[in-house]
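Source file my_file.txt; content: compact mmCIF, C-alpha atoms.
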# COMPACT_ATOMS: atom_id res chain seq x y z
CA MET A 1442 48.31 8.83 -13.92
CA SER A 1443 45.96 6.98 -11.57
CA SER A 1444 44.20 8.66 -8.64
CA THR A 1445 46.11 6.34 -6.29
CA GLU A 1446 49.42 7.53 -7.74
CA ASN A 1447 48.26 11.16 -7.51
CA LYS A 1448 47.43 10.77 -3.81
CA PHE A 1449 50.86 9.30 -3.20
CA LEU A 1450 52.68 12.08 -5.00
CA ASP A 1451 50.58 14.70 -3.20
CA SER A 1452 51.54 13.24 0.17
CA LEU A 1453 55.23 13.38 -0.77
CA SER A 1454 55.06 17.02 -1.82
CA LEU A 1455 55.92 18.44 1.60
CA TYR A 1456 58.17 21.13 0.18
CA LYS A 1457 56.75 23.77 -2.13
CA GLU A 1458 57.98 24.61 -5.61
CA LYS A 1459 59.63 27.70 -4.17
CA ASP A 1460 62.30 25.34 -2.84
CA SER A 1461 63.12 23.99 -6.29
CA ASP A 1462 66.25 26.16 -6.37
CA LYS A 1463 67.43 24.27 -3.27
CA LEU A 1464 66.88 20.86 -4.89
CA ILE A 1465 70.13 19.08 -5.75
CA LEU A 1466 68.72 15.65 -6.64
CA ALA A 1467 65.25 14.28 -7.37
CA TYR A 1468 64.24 10.78 -8.40
CA LYS A 1469 61.02 8.79 -8.72
CA GLY A 1470 60.92 5.18 -9.87
CA ASN A 1471 62.28 1.73 -9.22
CA VAL A 1472 65.12 1.31 -6.72
CA THR A 1473 67.94 -1.08 -7.55
CA SER A 1474 71.35 -1.62 -5.99
CA GLU A 1475 72.99 -0.20 -9.15
CA LEU A 1476 70.86 2.93 -8.88
CA LEU A 1477 71.85 3.39 -5.23
CA ALA A 1478 75.52 3.36 -6.22
CA SER A 1479 74.83 5.99 -8.92
CA PHE A 1480 72.98 8.26 -6.48
CA LEU A 1481 75.87 8.10 -4.05
CA GLN A 1482 78.42 8.95 -6.76
CA ILE A 1483 76.35 11.91 -7.98
CA ILE A 1484 75.85 13.32 -4.49
CA GLU A 1485 79.49 12.84 -3.56
CA LEU A 1486 80.56 14.82 -6.63
CA LYS A 1487 77.99 17.57 -6.07
CA LEU A 1488 79.00 17.95 -2.42
CA GLU A 1489 82.69 18.05 -3.27
CA MET A 1490 82.07 20.75 -5.89
CA SER A 1491 80.03 22.86 -3.44
CA ASN A 1492 83.02 23.62 -1.19
CA GLU A 1493 81.10 22.19 1.76
CA LYS A 1494 83.05 21.36 4.92
CA VAL A 1495 84.51 17.85 4.79
CA SER A 1496 82.78 16.91 8.06
CA VAL A 1497 79.38 17.91 6.64
CA VAL A 1498 80.00 16.09 3.34
CA LYS A 1499 80.88 12.95 5.29
CA LYS A 1500 77.71 13.21 7.43
CA VAL A 1501 75.41 13.81 4.46
CA TYR A 1502 76.97 10.94 2.54
CA ASN A 1503 76.73 8.51 5.49
CA VAL A 1504 73.13 9.46 6.26
CA LEU A 1505 72.24 9.14 2.58
CA VAL A 1506 73.75 5.64 2.49
CA GLU A 1507 71.55 4.60 5.42
CA ALA A 1508 68.43 6.29 4.01
CA LEU A 1509 68.86 4.63 0.61
CA GLN A 1510 69.54 1.22 2.14
CA ASN A 1511 66.46 1.67 4.32
CA LEU A 1512 64.40 2.58 1.25
CA TYR A 1513 65.79 -0.34 -0.77
CA HIS A 1514 65.39 -3.01 1.92
CA HIS A 1515 61.98 -1.93 3.20
CA LEU A 1516 60.14 -1.25 -0.02
CA ASP A 1517 56.90 -3.23 0.29
CA GLU A 1518 56.51 -5.25 -2.87
CA ASP A 1519 53.35 -7.33 -2.50
CA PHE A 1520 50.35 -5.03 -2.72
CA THR A 1521 47.03 -6.81 -2.42
CA VAL A 1522 44.96 -3.97 -3.83
CA VAL A 1523 42.45 -4.57 -6.58
CA MET A 1524 44.11 -2.77 -9.49
CA THR A 1525 45.04 -3.34 -13.07
CA ASN A 1526 48.39 -5.02 -13.69
CA GLU A 1527 49.72 -1.70 -14.99
CA GLU A 1528 48.77 0.09 -11.76
CA LYS A 1529 50.31 -2.67 -9.65
CA ALA A 1530 53.55 -2.43 -11.63
CA ARG A 1531 53.65 1.35 -11.12
CA LEU A 1532 53.05 1.06 -7.38
CA LYS A 1533 55.57 -1.70 -6.92
CA ASP A 1534 58.33 0.35 -8.51
CA MET A 1535 57.40 3.64 -6.91
CA ALA A 1536 59.96 5.22 -4.63
CA THR A 1537 61.13 8.81 -4.35
CA LEU A 1538 64.32 10.54 -3.31
CA HIS A 1539 64.79 14.29 -2.93
CA ILE A 1540 67.85 16.05 -1.57
CA TYR A 1541 67.71 19.76 -0.76
CA GLN A 1542 70.50 22.11 0.29
CA TYR A 1543 69.37 24.90 2.60
CA PRO A 1544 71.56 27.53 4.31
CA ASP A 1545 71.44 25.67 7.66
CA ASN A 1546 71.00 22.04 6.61
CA PHE A 1547 70.67 19.40 3.97
CA LEU A 1548 67.34 17.63 3.77
CA ILE A 1549 67.16 14.05 2.53
CA SER A 1550 63.60 12.94 1.79
CA THR A 1551 62.64 9.41 0.77
CA GLY A 1552 59.20 8.04 0.03
CA ASN A 1553 57.59 4.71 -0.74
CA TYR A 1554 54.40 2.73 -0.30
CA VAL A 1555 53.76 0.58 2.75
CA LYS A 1556 51.12 -2.09 3.14
CA ALA A 1557 48.43 -1.20 5.69
CA GLU A 1558 49.32 -4.21 7.84
CA ASN A 1559 52.88 -2.84 8.32
CA VAL A 1560 51.97 0.75 9.22
CA ASP A 1561 51.49 0.36 12.99
CA LYS A 1562 54.82 -1.45 13.36
CA LEU A 1563 56.59 1.20 11.27
CA ARG A 1564 55.03 4.10 13.18
CA LYS A 1565 55.96 2.49 16.53
CA ARG A 1566 59.55 1.95 15.39
CA LEU A 1567 59.86 5.60 14.30
CA GLU A 1568 58.37 6.90 17.55
CA ASP A 1569 60.55 4.57 19.65
CA VAL A 1570 63.71 5.79 17.91
CA ASN A 1571 62.64 9.45 18.22
CA ALA A 1572 62.04 8.99 21.97
CA LEU A 1573 65.64 7.88 22.61
CA SER A 1574 68.26 10.22 24.02
CA GLU A 1575 71.50 10.76 22.11
CA GLU A 1576 73.32 8.66 24.68
CA ARG A 1577 70.78 5.83 24.45
CA ILE A 1578 71.00 5.91 20.63
CA ARG A 1579 74.76 5.42 20.89
CA GLU A 1580 74.37 2.58 23.43
CA LEU A 1581 71.71 0.80 21.38
CA TYR A 1582 73.78 1.12 18.21
CA LEU A 1583 76.84 -0.46 19.86
CA GLN A 1584 74.73 -3.12 21.58
CA THR A 1585 73.11 -4.16 18.28
CA LEU A 1586 76.50 -4.25 16.55
CA ASN A 1587 78.10 -6.27 19.35
CA ASN A 1588 75.24 -8.78 19.52
CA GLY A 1589 75.55 -9.38 15.79
CA GLU A 1590 71.78 -9.71 15.45
CA MET A 1591 70.38 -9.34 11.96
CA SER A 1592 66.79 -8.64 11.05
CA GLU A 1593 64.93 -10.49 8.30
CA LYS A 1594 65.83 -7.58 6.01
CA GLY A 1595 69.52 -7.96 6.88
CA GLY A 1596 70.20 -4.76 8.82
CA GLY A 1597 69.79 -5.72 12.45
CA GLY A 1598 67.33 -2.84 12.85
CA LEU A 1599 70.21 -0.38 12.73
CA GLY A 1600 69.06 1.80 9.84
CA LEU A 1601 66.86 4.31 11.66
CA ILE A 1602 69.09 4.29 14.75
CA ASP A 1603 72.14 5.02 12.64
CA ILE A 1604 70.36 7.81 10.73
CA VAL A 1605 69.51 9.58 14.00
CA ARG A 1606 72.98 8.88 15.41
CA LYS A 1607 74.72 10.38 12.38
CA SER A 1608 72.36 13.28 11.68
CA LYS A 1609 71.86 14.17 15.36
CA ASN A 1610 68.26 15.04 14.50
CA LYS A 1611 64.94 13.36 15.16
CA LEU A 1612 63.17 11.63 12.29
CA ASP A 1613 60.47 13.68 10.60
CA TYR A 1614 57.97 11.49 8.79
CA ASN A 1615 54.59 11.50 7.17
CA ILE A 1616 52.35 8.43 6.80
CA GLU A 1617 49.12 8.88 4.88
CA LYS A 1618 46.38 6.50 3.88
CA VAL A 1619 46.03 6.04 0.13
CA ASN A 1620 43.36 3.36 0.37
CA ASP A 1621 42.45 0.47 2.71
CA SER A 1622 45.50 -1.53 1.61
CA ILE A 1623 48.20 1.07 0.99
CA PHE A 1624 49.76 3.98 2.85
CA SER A 1625 52.42 6.36 1.60
CA PHE A 1626 55.48 6.85 3.80
CA CYS A 1627 57.79 9.85 3.53
CA LEU A 1628 60.91 10.08 5.71
CA ASN A 1629 62.66 13.46 6.05
CA ILE A 1630 66.15 13.65 7.53
CA LYS A 1631 67.91 16.91 8.32
CA VAL A 1632 71.70 17.04 8.40
CA ASN A 1633 72.86 20.32 9.93
CA ARG A 1634 75.54 22.28 8.11
CA ASN A 1635 76.70 24.29 11.11
CA LYS A 1636 77.07 21.55 13.76
CA ASN A 1637 79.70 18.87 14.15
Output the file's structure in the form of structure tokens.
Amino acid sequence: MSSTENKFLDSLSLYKEKDSDKLILAYKGNVTSELLASFLQIIELKLEMSNEKVSVVKKVYNVLVEALQNLYHHLDEDFTVVMTNEEKARLKDMATLHIYQYPDNFLISTGNYVKAENVDKLRKRLEDVNALSEERIRELYLQTLNNGEMSEKGGGGLGLIDIVRKSKNKLDYNIEKVNDSIFSFCLNIKVNRNKN
């Protein structure tokens, strides 16, 4: 394992091993549309078997859909770092997904690499969304839907807005420098189990 990969994995390890009993799904690797469908089926089954309230299952599932689509559509693919071809292949296909079930909430955590040139824009977008009130989130979501505007990635910029709208929680994130060209990005989304 390269030192670059180690730094990335270290920055994604926000939750200690003591929480491993709370872990209901963990994945590290390439993200494909087929894999997304499999994740959703697995989580749906696990949630149904856990006797969780239907409203909570629906929220977790909907937030997970948005988080996975966000991960899939915004995975930076063209790293301009001086590395061996093997290292480049590992970085390009590196994404993580962890889902934890705690007494008060579910935690969905995704991680991927981001090119240095995209970090400021990403951080601004996250902070802008976190600064919005619940009412403004709802207005912006409807406005974007009604305008029919689509971003270059196909989502109209709705992903993060919809995650906050559905989870009713601010976005918790961690962006860390791996080297001059690459940063690691970890997004943590809480879905409360005791709120509607």
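If you measure from each of A:Asn1492, A:Asn1633, A:Gln1510, A:Ser1550 to Leu1599 of chain A using only C-alpha atoms, the closest one turns out to be A:Gln1510.
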**OP:** Return the single residue from A:Ile1630, A:Ile1623, A:Val1605, A:Leu1586 that is closest to Val1555 of chain A, with distances computed using only C-alpha atoms.
**Re:** A:Ile1623
Subject >> Among listed residues A:Cys1627, A:Leu1481, A:Leu1464, A:Met1490, nearest Leu1563 of chain A (using only C-alpha atoms) >> reply: A:Cys1627
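Distance annotation: of A:Asn1610, A:Asn1553, A:Ser1625, A:Gln1482, the residue with the minimal separation from Asn1511 of chain A is A:Asn1553; atom set is all atoms listed in the file.
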Subject >> Between atom CA of Asn1571 of chain A and atom CA of Lys1494 of chain A - distance in Å to one decimal >> reply: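 Atom-to-atom, atom CA of Lys1494 of chain A and atom CA of Asn1571 of chain A are spaced 27.1 Å apart.
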Original post:
Which neighbours of Pro1544 of chain A fall inside 10 Å, counting only C-alpha atoms, when residues of the same chain fewer than 6 positions from it are skipped, and could you give them as an MDAnalysis selection string?
Top reply: chainID A and resid 1463 1633:1635
Write out, as an mmCIF file, in the frame of the given file, the residues just selected, with C-alpha atoms.
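Done, and the output landed in selection18.cif:
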data_model
loop_
_atom_site.group_PDB
_atom_site.id
_atom_site.type_symbol
_atom_site.label_atom_id
_atom_site.label_comp_id
_atom_site.auth_asym_id
_atom_site.auth_seq_id
_atom_site.Cartn_x
_atom_site.Cartn_y
_atom_site.Cartn_z
ATOM 1 C CA LYS A 1463 67.430 24.270 -3.270
ATOM 2 C CA ASN A 1633 72.860 20.320 9.930
ATOM 3 C CA ARG A 1634 75.540 22.280 8.110
ATOM 4 C CA ASN A 1635 76.700 24.290 11.110
#
Original post:
By how many Å are atom CA of Val1504 of chain A and atom CA of Phe1547 of chain A apart?
Top reply: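 Interatomic distance, atom CA of Val1504 of chain A to atom CA of Phe1547 of chain A: 10.5 Å.
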Original post:
Looking at all atoms listed in the file, which of A:Glu1507, A:Gly1552, A:Lys1618, A:Asp1561 is the one that sits closest to Ile1602 of chain A?
Top reply: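 For Ile1602 of chain A, the nearest of the candidates is A:Glu1507.
Considering all atoms listed in the file, the residue among A:Val1632, A:Val1497, A:Ala1557, A:Ile1540 positioned nearest to Asp1462 of chain A is A:Ile1540.
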**OP:** Please indicate the distance in Å from atom CA of Lys1631 of chain A to atom CA of Leu1477 of chain A, rounded to one decimal place.
**Re:**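 Atom CA of Lys1631 of chain A sits 19.5 Å away from atom CA of Leu1477 of chain A.
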To test the calculation: enclose all listed atoms of segment 1556-1567 of chain A in a box whose edges run along x, y and z, add 8 Å on each side, then state centre and edge lengths in Å to one decimal, as AutoDock Vina command-line options.
--center_x 54.1 --center_y 0.7 --center_z 9.8 --size_x 27.4 --size_y 25.8 --size_z 29.4
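Around Asn1503 of chain A, within 12 Å and counting only C-alpha atoms, the residues found are Leu1481, Ile1484, Glu1485, Ser1496, Val1497, Val1498, Lys1499, Lys1500, Val1501, Leu1505, Val1506, Glu1507, Ala1508, Leu1509, Gln1510, Ile1549, Gly1600, Asp1603, Ile1604, Val1605, Arg1606, Lys1607, Ser1608, Ile1630 and Val1632 of chain A, once anything fewer than 2 positions away on its own chain is removed.
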